[in-house]
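A quick write-up on the structure given underneath.
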Amino acid sequence: MTNTTPTKPALHPGFKLKDDITIVARIEKIFFTEVYSLSNGKFFYLFTTIKPNDVIDRKGKYELVKFNLNGTEELGVITESHSQEMIVKIIDELTVLRGFDCVAGMNDLKTLLREEVIEPLLNPEKFKKFKLSVPNGILLYGPPGCGKTFIVRKLAEEINYNFVEVKHSDVASPYVHGSVEKIAKVFDMAKAKRPSIVFIDELEGLLPKRENLVSSTAHKQEEINEFLMQFNDAGDNGILIVGATNRPHLIDTAIMRSGRMDKRIYVSPPDFEARKEMFKLCLSGRPYEADIDFGKLSEMTEFFVSSDIELIVTEVARLAVAEDRNSITEKMIVSVISKFKPSISQHEITYYDQFSDLERA
């Protein structure tokens, strides 16, 4: 709804916005956004309540303009066209975290997923031209608590795929062949909603090594065979299969065949930079002192996983409420960290080194 209350425009005609672009006139004010026509025929949205530090960097998508007005930093966007719906969309994309923007740090992992998974899925013809296959499935493996499930959810948002999670209880059945029918229905649903990601957490539970099964578990072999059949050429049906496991040595080896799990990616504990970003992300939206040394916090939390850091910040927030504090301080965070032990050890990290041969293109 357009704001009908007369207000003085923040920018006057002739105001130099950037380079040789100047303001022509304010057209209208919608919500908390002033809309101006520009000398180059385009439009400018001046956000009156959003400041430069409040937004996600979208330089690749939007022409953001930051400038100083009466001693205050202001932010706006230059657009080719103008509509109320566009304003809502731009504000949403600039202020709401989605996809990989929600994943703190892990830049190497995100780059790998963009180059080897997202790019082939979004631009398949470019890859097929050189007879390169589009990923059919991904296996994420690594220590527990490192955010494998969270990453898959954000991958679905990043590529705008429907997210279908398969839990053990979803396919369990007391009837003979009942589980097989349920497995088929899951993939039929994913196909109907395509493009979809079918995510299977704790993959070793649903697809254990068949040679380790006893004769009384013939039904389990039937279930594994059904999964493997559904995995075949899932990509051609608009489905990306993603499995996650903490124990890759327990998974049936047939799943590793080319055309099923094409990509195997190790999700390591967060590194120094990732831990810094995680503290910032977990503290965002909570009042905290500006002088917090995030590098120091990262140094103190080696071998801490994502869930550890999230729990630490939650405990600090509870402490701030209990002590009737106005904001969270570095001293409070340090105190809470000192009471925690990391979820994983160097020995556990070494365990995953033996699976480095899994990571192949």
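Residues are referred to by chain and number: the chain letter is A, B, ... according to the order shown in the structure tokens, the number counts from 1 in that chain, and ligands are numbered separately from 1 in the order shown.
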
- Item | A:Thr49 surroundings by only C-alpha atoms, 10 Å radius, close-in-sequence under 6 positions cut, as a ChimeraX atom specification | /A:31-33,74-75

Writing out the chosen residues with N, CA and C atoms as a tab-separated table (two decimals), in the first residue's frame:
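What landed in out.tsv:
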```
chain	number	residue	atom	x	y	z
A	31	PHE	N	5.82	1.94	1.50
A	31	PHE	CA	6.34	1.39	2.75
A	31	PHE	C	7.43	2.33	3.28
A	32	PHE	N	8.62	1.80	3.49
A	32	PHE	CA	9.72	2.62	3.97
A	32	PHE	C	10.76	2.79	2.86
A	33	THR	N	10.26	2.96	1.64
A	33	THR	CA	11.12	3.10	0.48
A	33	THR	C	10.69	4.28	-0.37
A	74	GLU	N	23.53	6.01	3.87
A	74	GLU	CA	22.26	5.56	3.30
A	74	GLU	C	22.50	4.49	2.26
A	75	LEU	N	21.44	3.73	1.97
A	75	LEU	CA	21.55	2.61	1.02
A	75	LEU	C	20.37	2.64	0.07
```

Show me, as JSON lines, the residues of stretch 74-186 of chain A having an atom within 9 Å of stretch 202-210 of chain A, each with the closest atom pair and its distance in Å, using only C-alpha atoms.
```
{"residue": "A:Leu139", "atom": "CA", "partner": "A:Leu203", "partner_atom": "CA", "distance": 9.0}
{"residue": "A:Lys167", "atom": "CA", "partner": "A:Glu202", "partner_atom": "CA", "distance": 8.7}
{"residue": "A:His168", "atom": "CA", "partner": "A:Leu206", "partner_atom": "CA", "distance": 6.9}
```

- Message: Using Å and a single decimal, report how far atom CA of A:Ala320 sits from atom CA of A:Asp308.
- Response: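 Calculated distance between atom CA of A:Asp308 and atom CA of A:Ala320 is 18.5 Å.
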
- Query: So how many Å separate atom CA of A:Ala274 and atom CA of A:Met106, to one decimal?
  - Reply: 5.7 Å

- For A:Leu109, which of A:Lys18, A:Arg257, A:Lys148, A:Arg325 is the closest residue, counting only C-alpha atoms?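 Once distances to A:Leu109 are computed over only C-alpha atoms, the minimum belongs to A:Lys148.
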